[in-house]
file structure_35.txt (compact mmCIF, C-alpha atoms)
# COMPACT_ATOMS: atom_id res chain seq x y z
CA MET A 1 126.15 89.88 98.99
CA LEU A 2 125.57 92.82 101.23
CA LYS A 3 122.71 91.13 102.96
CA LYS A 4 123.49 90.47 106.58
CA SER A 5 121.56 88.05 108.69
CA GLN A 6 119.39 89.82 111.22
CA SER A 7 118.19 86.72 113.02
CA SER A 8 120.07 87.50 116.24
CA LEU A 9 118.55 90.99 116.27
CA ASN A 10 115.13 89.47 115.58
CA LEU A 11 115.50 87.06 118.47
CA GLY A 12 116.68 89.80 120.82
CA PHE A 13 113.83 92.11 119.86
CA SER A 14 111.24 89.32 120.18
CA ILE A 15 112.44 88.59 123.71
CA PHE A 16 112.32 92.31 124.52
CA ILE A 17 108.75 92.57 123.19
CA LEU A 18 107.68 89.52 125.19
CA LEU A 19 109.21 90.88 128.39
CA PHE A 20 107.63 94.28 127.77
CA LEU A 21 104.25 92.60 127.27
CA ILE A 22 104.63 90.73 130.58
CA PHE A 23 105.64 94.00 132.25
CA LEU A 24 102.53 95.73 130.85
CA LEU A 25 100.33 92.85 132.05
CA GLN A 26 101.50 93.57 135.59
CA LEU A 27 100.52 97.22 135.19
CA SER A 28 97.16 96.91 133.47
CA THR A 29 95.41 94.36 131.26
CA LYS A 30 94.00 97.10 129.07
CA LEU A 31 97.44 98.49 128.22
CA ALA A 32 98.77 95.01 127.48
CA LEU A 33 95.82 94.29 125.18
CA ILE A 34 96.28 97.57 123.31
CA PHE A 35 99.98 96.82 122.93
CA ALA A 36 99.30 93.29 121.64
CA LEU A 37 96.69 94.57 119.22
CA SER A 38 98.96 97.28 117.81
CA LEU A 39 101.77 94.76 117.51
CA ALA A 40 99.53 92.46 115.47
CA LEU A 41 98.33 95.38 113.37
CA GLY A 42 101.87 96.58 112.67
CA TYR A 43 103.02 93.08 111.78
CA THR A 44 100.13 92.63 109.34
CA LEU A 45 100.71 96.04 107.76
CA GLN A 46 104.42 95.43 107.28
CA LYS A 47 104.03 91.94 105.86
CA SER A 48 101.15 92.79 103.55
CA ARG A 49 102.63 96.16 102.47
CA PHE A 50 99.08 97.37 102.52
CA CYS A 51 98.95 100.83 101.01
CA PHE A 52 95.81 102.94 101.30
CA VAL A 53 97.26 105.56 98.96
CA ALA A 54 97.58 103.02 96.17
CA ALA A 55 93.93 102.03 96.55
CA PHE A 56 92.78 105.48 95.44
CA ARG A 57 95.71 106.44 93.23
CA ASP A 58 96.46 103.36 91.14
CA PRO A 59 93.10 102.90 89.39
CA LEU A 60 93.34 106.41 87.95
CA LEU A 61 97.06 106.61 87.38
CA VAL A 62 98.14 103.17 86.23
CA GLY A 63 94.90 101.24 85.95
CA THR A 64 95.63 98.54 88.52
CA THR A 65 92.80 97.88 90.95
CA LYS A 66 94.07 95.03 93.10
CA ILE A 67 94.61 97.22 96.17
CA SER A 68 91.33 99.09 95.69
CA GLN A 69 89.59 95.72 95.72
CA ALA A 70 91.47 94.86 98.90
CA VAL A 71 90.21 98.05 100.57
CA ILE A 72 86.61 97.27 99.50
CA LEU A 73 87.01 93.76 100.91
CA LEU A 74 88.34 95.28 104.13
CA LEU A 75 85.17 97.39 104.42
CA ILE A 76 82.92 94.42 103.54
CA ILE A 77 84.47 92.48 106.41
CA SER A 78 84.73 95.30 108.91
CA ILE A 79 81.19 96.71 108.59
CA PRO A 80 79.43 93.50 109.78
CA ALA A 81 82.22 92.97 112.33
CA PHE A 82 81.64 96.47 113.68
CA PHE A 83 77.93 95.66 114.00
CA LEU A 84 78.76 92.40 115.82
CA VAL A 85 81.08 94.13 118.27
CA PHE A 86 78.47 96.81 118.93
CA GLN A 87 75.69 94.24 119.49
CA ILE A 88 77.78 92.01 121.75
CA ALA A 89 78.91 95.00 123.77
CA SER A 90 75.37 96.29 124.27
CA ASN A 91 74.09 92.79 125.16
CA LEU A 92 76.78 92.49 127.81
CA HIS A 93 76.08 96.07 128.93
CA LEU A 94 79.65 97.12 128.24
CA PRO A 95 80.19 100.81 127.69
CA ILE A 96 80.90 101.44 124.02
CA GLU A 97 81.14 104.76 122.31
CA LEU A 98 80.37 105.19 118.64
CA ASN A 99 82.62 107.79 117.13
CA VAL A 100 80.08 108.98 114.62
CA THR A 101 80.71 112.55 113.55
CA PRO A 102 78.82 114.52 110.91
CA PHE A 103 80.31 115.40 107.60
CA GLY A 104 81.18 119.01 106.88
CA PHE A 105 83.59 121.44 105.33
CA HIS A 106 86.27 120.31 107.76
CA THR A 107 86.12 116.85 106.17
CA PHE A 108 86.97 118.35 102.75
CA LEU A 109 89.72 120.51 104.20
CA GLY A 110 91.23 117.63 106.16
CA GLY A 111 91.01 115.29 103.19
CA LEU A 112 92.71 117.79 100.90
CA LEU A 113 95.54 118.50 103.37
CA PHE A 114 96.01 114.85 104.25
CA GLY A 115 95.95 113.80 100.60
CA THR A 116 98.59 116.36 99.62
CA GLY A 117 100.81 115.38 102.51
CA MET A 118 100.31 111.70 101.77
CA VAL A 119 101.55 112.06 98.18
CA LEU A 120 104.54 114.18 99.25
CA ALA A 121 105.52 111.77 102.00
CA GLY A 122 105.02 108.74 99.78
CA GLY A 123 102.70 107.01 102.17
CA CYS A 124 99.65 107.39 104.34
CA ALA A 125 99.69 107.33 108.13
CA SER A 126 99.93 103.55 108.38
CA GLY A 127 102.56 103.30 105.65
CA THR A 128 104.65 106.01 107.31
CA LEU A 129 104.48 104.32 110.70
CA MET A 130 105.33 100.97 109.15
CA ARG A 131 108.37 102.33 107.34
CA VAL A 132 109.62 104.17 110.41
CA GLY A 133 109.62 100.73 112.02
CA GLU A 134 111.58 99.37 109.06
CA GLY A 135 114.18 102.07 109.57
CA PHE A 136 113.43 104.26 106.56
CA ALA A 137 115.02 107.55 107.57
CA MET A 138 113.00 109.87 105.32
CA GLN A 139 109.76 108.70 106.88
CA MET A 140 110.97 109.85 110.30
CA ILE A 141 110.64 113.40 108.94
CA ALA A 142 107.19 112.50 107.61
CA LEU A 143 106.28 111.13 111.05
CA GLY A 144 107.35 114.44 112.61
CA GLY A 145 105.10 116.26 110.14
CA LEU A 146 102.29 113.83 110.84
CA ILE A 147 102.46 114.50 114.58
CA ILE A 148 102.64 118.29 114.13
CA GLY A 149 99.78 118.16 111.62
CA ALA A 150 97.60 116.01 113.86
CA PHE A 151 98.24 118.35 116.79
CA LEU A 152 97.50 121.49 114.75
CA GLY A 153 94.42 119.91 113.19
CA ASN A 154 93.07 118.79 116.51
CA SER A 155 93.60 122.16 118.18
CA SER A 156 92.18 124.17 115.27
CA LEU A 157 89.09 121.98 114.78
CA PRO A 158 86.81 123.96 117.14
CA TYR A 159 87.58 127.22 115.25
CA ILE A 160 86.97 125.64 111.85
CA LEU A 161 83.71 124.08 113.07
CA ASN A 162 82.70 127.46 114.46
CA ILE A 163 83.19 129.17 111.11
CA PHE A 164 81.75 126.58 108.72
CA HIS A 165 79.43 124.52 110.95
CA GLU A 166 78.71 120.83 110.52
CA PHE A 167 76.08 119.41 108.25
CA PRO A 168 73.24 117.79 110.16
CA GLY A 169 74.44 114.30 110.95
CA VAL A 170 72.86 111.32 109.26
CA PHE A 171 73.46 108.00 110.98
CA LEU A 172 71.76 105.31 108.88
CA PRO A 173 71.11 102.75 111.68
CA ASP A 174 69.18 105.43 113.62
CA ILE A 175 66.87 106.07 110.67
CA MET A 176 66.23 102.62 109.26
CA GLY A 177 67.64 100.16 111.76
CA TRP A 178 70.86 98.21 111.72
CA VAL A 179 70.05 95.40 109.28
CA PRO A 180 68.78 97.55 106.35
CA ALA A 181 71.60 100.05 106.90
CA ILE A 182 74.25 97.35 106.73
CA SER A 183 72.57 95.64 103.77
CA ILE A 184 72.59 98.91 101.82
CA GLN A 185 76.23 99.51 102.61
CA LEU A 186 77.22 96.00 101.56
CA LEU A 187 75.21 96.34 98.36
CA VAL A 188 76.97 99.62 97.51
CA LEU A 189 80.35 98.04 98.21
CA ILE A 190 79.60 95.04 96.01
CA LEU A 191 78.49 97.37 93.20
CA LEU A 192 81.72 99.33 93.64
CA TRP A 193 83.65 96.06 93.46
CA LEU A 194 81.95 95.11 90.19
CA GLY A 195 82.43 98.61 88.79
CA ILE A 196 86.12 98.49 89.61
CA ARG A 197 86.51 95.10 87.89
CA LYS A 198 84.96 96.59 84.78
CA TRP A 199 87.18 99.66 84.98
CA GLN A 200 90.24 97.46 85.18
CA LYS A 201 89.22 95.39 82.15
CA SER A 202 88.70 98.56 80.13
CA LYS A 203 92.14 99.86 81.16
CA ARG A 204 94.01 96.67 80.29
CA THR A 205 93.46 96.74 76.46
CA MET B 1 116.54 91.14 73.67
CA THR B 2 117.95 94.20 75.38
CA THR B 3 118.42 94.91 79.05
CA TYR B 4 117.50 98.34 80.35
CA TYR B 5 118.12 99.98 83.71
CA LEU B 6 115.93 102.61 85.24
CA ASP B 7 117.11 104.88 88.03
CA ILE B 8 114.40 105.13 90.66
CA TRP B 9 116.55 105.60 93.78
CA GLY B 10 114.84 107.76 96.34
CA GLU B 11 111.67 108.10 94.29
CA MET B 12 108.38 107.70 96.04
CA CYS B 13 105.36 105.88 94.73
CA PRO B 14 103.76 106.50 92.23
CA ILE B 15 106.70 108.01 90.26
CA PRO B 16 108.54 104.69 89.79
CA ILE B 17 105.44 103.05 88.32
CA ILE B 18 104.84 105.92 85.88
CA LYS B 19 108.52 105.87 84.83
CA THR B 20 108.31 102.10 84.35
CA GLN B 21 105.18 102.45 82.24
CA ARG B 22 106.86 105.05 80.02
CA LYS B 23 109.97 102.92 79.64
CA PHE B 24 107.88 99.86 78.79
CA LYS B 25 106.32 101.73 75.88
CA GLN B 26 109.77 102.11 74.28
CA MET B 27 110.71 98.48 74.89
CA ALA B 28 110.09 95.51 72.65
CA SER B 29 108.53 92.24 73.75
CA GLY B 30 111.03 90.11 75.68
CA ASP B 31 113.17 93.08 76.77
CA VAL B 32 114.23 93.17 80.39
CA LEU B 33 114.04 96.18 82.70
CA ILE B 34 116.03 96.19 85.93
CA LEU B 35 115.03 98.47 88.76
CA GLU B 36 116.45 98.89 92.23
CA THR B 37 114.67 100.64 95.04
CA GLU B 38 114.99 101.21 98.78
CA HIS B 39 111.25 101.74 99.16
CA SER B 40 109.49 98.53 100.09
CA CYS B 41 106.09 99.67 98.86
CA THR B 42 107.52 100.68 95.48
CA SER B 43 108.78 97.17 94.91
CA ARG B 44 105.39 95.80 95.95
CA ALA B 45 103.54 98.23 93.68
CA LEU B 46 105.73 97.29 90.71
CA VAL B 47 105.07 93.59 91.32
CA VAL B 48 101.31 94.18 91.51
CA TRP B 49 101.46 96.26 88.34
CA ALA B 50 103.43 93.52 86.52
CA GLN B 51 101.02 90.83 87.72
CA GLU B 52 97.96 92.71 86.53
CA ASN B 53 99.48 93.43 83.14
CA GLY B 54 100.88 89.96 82.61
CA HIS B 55 104.60 90.83 82.58
CA LYS B 56 107.11 88.42 84.09
CA TYR B 57 108.90 89.62 87.21
CA VAL B 58 111.61 88.55 89.63
CA GLU B 59 111.69 90.38 92.94
CA LYS B 60 114.63 89.97 95.27
CA GLU B 61 115.72 91.69 98.47
CA VAL B 62 119.40 91.93 97.55
CA SER B 63 120.46 93.71 100.70
CA ASN B 64 118.72 94.74 103.88
CA GLY B 65 116.10 97.19 102.71
CA ILE B 66 117.11 97.17 99.03
CA TRP B 67 114.96 95.44 96.44
CA ARG B 68 115.90 94.54 92.88
CA ILE B 69 113.16 93.85 90.37
CA GLU B 70 113.61 92.36 86.94
CA LEU B 71 110.65 92.89 84.66
CA THR B 72 110.33 91.10 81.32
CA LYS B 73 107.91 92.65 78.88
CA LYS B 74 105.37 90.19 77.59
call {"tool": "encode", "arguments": {"input": "structure_35.txt", "output": "structure tokens"}}
result
Amino acid sequence: MLKKSQSSLNLGFSIFILLFLIFLLQLSTKLALIFALSLALGYTLQKSRFCFVAAFRDPLLVGTTKISQAVILLLIISIPAFFLVFQIASNLHLPIELNVTPFGFHTFLGGLLFGTGMVLAGGCASGTLMRVGEGFAMQMIALGGLIIGAFLGNSSLPYILNIFHEFPGVFLPDIMGWVPAISIQLLVLILLWLGIRKWQKSKRT
Amino acid sequence: MTTYYLDIWGEMCPIPIIKTQRKFKQMASGDVLILETEHSCTSRALVVWAQENGHKYVEKEVSNGIWRIELTKK
């Protein structure tokens, strides 16, 4: 077998991560928390092999919907959790900023570019990052492209917004309150879930 | 029962799954298809595809970063 044991490397890297975390704690708690959170996120992504591309691609291409269901479940969990975090933060008078931006032509343009790049690179942003961590050399090139693209997109956004303008923003909680807004979203997600189950049954013949 | 191999080295998702689907159409029930890939998500996607369609599968990481999948058509 070609398979070599990597346990000594694992141990060494774990110790390094732990020491780095302690070092960050000395500098600032915020940095250490961000580092710990991204570590947990990366670990989960790598172990679950969670693929956002597959969620949108597989139902149409091969008729499997498992990952699409996982993404819907992710939204069903994260929408109420987002509400909870927002409520707790405002009760404790912590500053929290909602990154709510209106939809517009730039959303289409970005989605099209990102989607094309995602298919060419064989993975979305999270998948690319995860595989760079695994040592997949081709994804290093994709990561380079990702960084250049993000930089170009960010610096050209004001011009694009200037030309095409944004649609007037609609933020549901502002119009109808938090509870109805979240209920509607959950209802839509559950309907999507049921629709996807039906789609899968029709594909499986 | 015949054993088939499919070359999917260096292919990105979703090409391996489409190739597998095409190959499966030519195969008879009980035939085995062996695939090897260096793309972790490809191996995962193939396993999910096999699970949802009721084919038997054996997934093994035969070397660091290389997965071998044996699919048996139902």
call {"tool": "closest_atom_pairs", "arguments": {"input": "structure_35.txt", "of": "chain B", "to": "chain A", "cutoff": "8 Å", "atoms": "all atoms listed in the file", "output": "Markdown table"}}
result
| residue | atom | partner | partner_atom | distance |
| --- | --- | --- | --- | --- |
| B:Met12 | CA | A:Gly122 | CA | 5.1 |
| B:Cys13 | CA | A:Gly122 | CA | 5.8 |
| B:Pro14 | CA | A:Gly122 | CA | 8.0 |
| B:Ile17 | CA | A:Val62 | CA | 7.6 |
| B:Ile18 | CA | A:Val62 | CA | 7.3 |
| B:Ser40 | CA | A:Arg49 | CA | 7.6 |
| B:Cys41 | CA | A:Arg49 | CA | 6.1 |
| B:Arg44 | CA | A:Arg49 | CA | 7.1 |
| B:Val48 | CA | A:Lys66 | CA | 7.5 |
| B:Trp49 | CA | A:Thr64 | CA | 6.3 |
| B:Glu52 | CA | A:Thr64 | CA | 6.6 |
| B:Asn53 | CA | A:Arg204 | CA | 7.0 |
| B:Val62 | CA | A:Lys3 | CA | 6.4 |
| B:Ser63 | CA | A:Lys3 | CA | 4.1 |
| B:Asn64 | CA | A:Lys3 | CA | 5.5 |
call {"tool": "residues_near_point", "arguments": {"input": "structure_35.txt", "point": "(104.5, 98.4, 124.2)", "cutoff": "7 Å", "atoms": "only C-alpha atoms", "output": "PyMOL selection string"}}
result
chain A and resi 20-21+35
call {"tool": "closest_residue", "arguments": {"input": "structure_35.txt", "among": "B:Val58, B:Met1, B:Leu6, B:Leu35", "to": "Lys23 (chain B)", "atoms": "only C-alpha atoms"}}
result
B:Leu6
call {"tool": "atom_distance", "arguments": {"input": "structure_35.txt", "atom1": "CA of Gly42 (chain A)", "atom2": "CA of Met130 (chain A)"}}
result
6.6 Å
call {"tool": "atom_distance", "arguments": {"input": "structure_35.txt", "atom1": "CA of Pro158 (chain A)", "atom2": "CA of Asp174 (chain A)"}}
result
25.8 Å
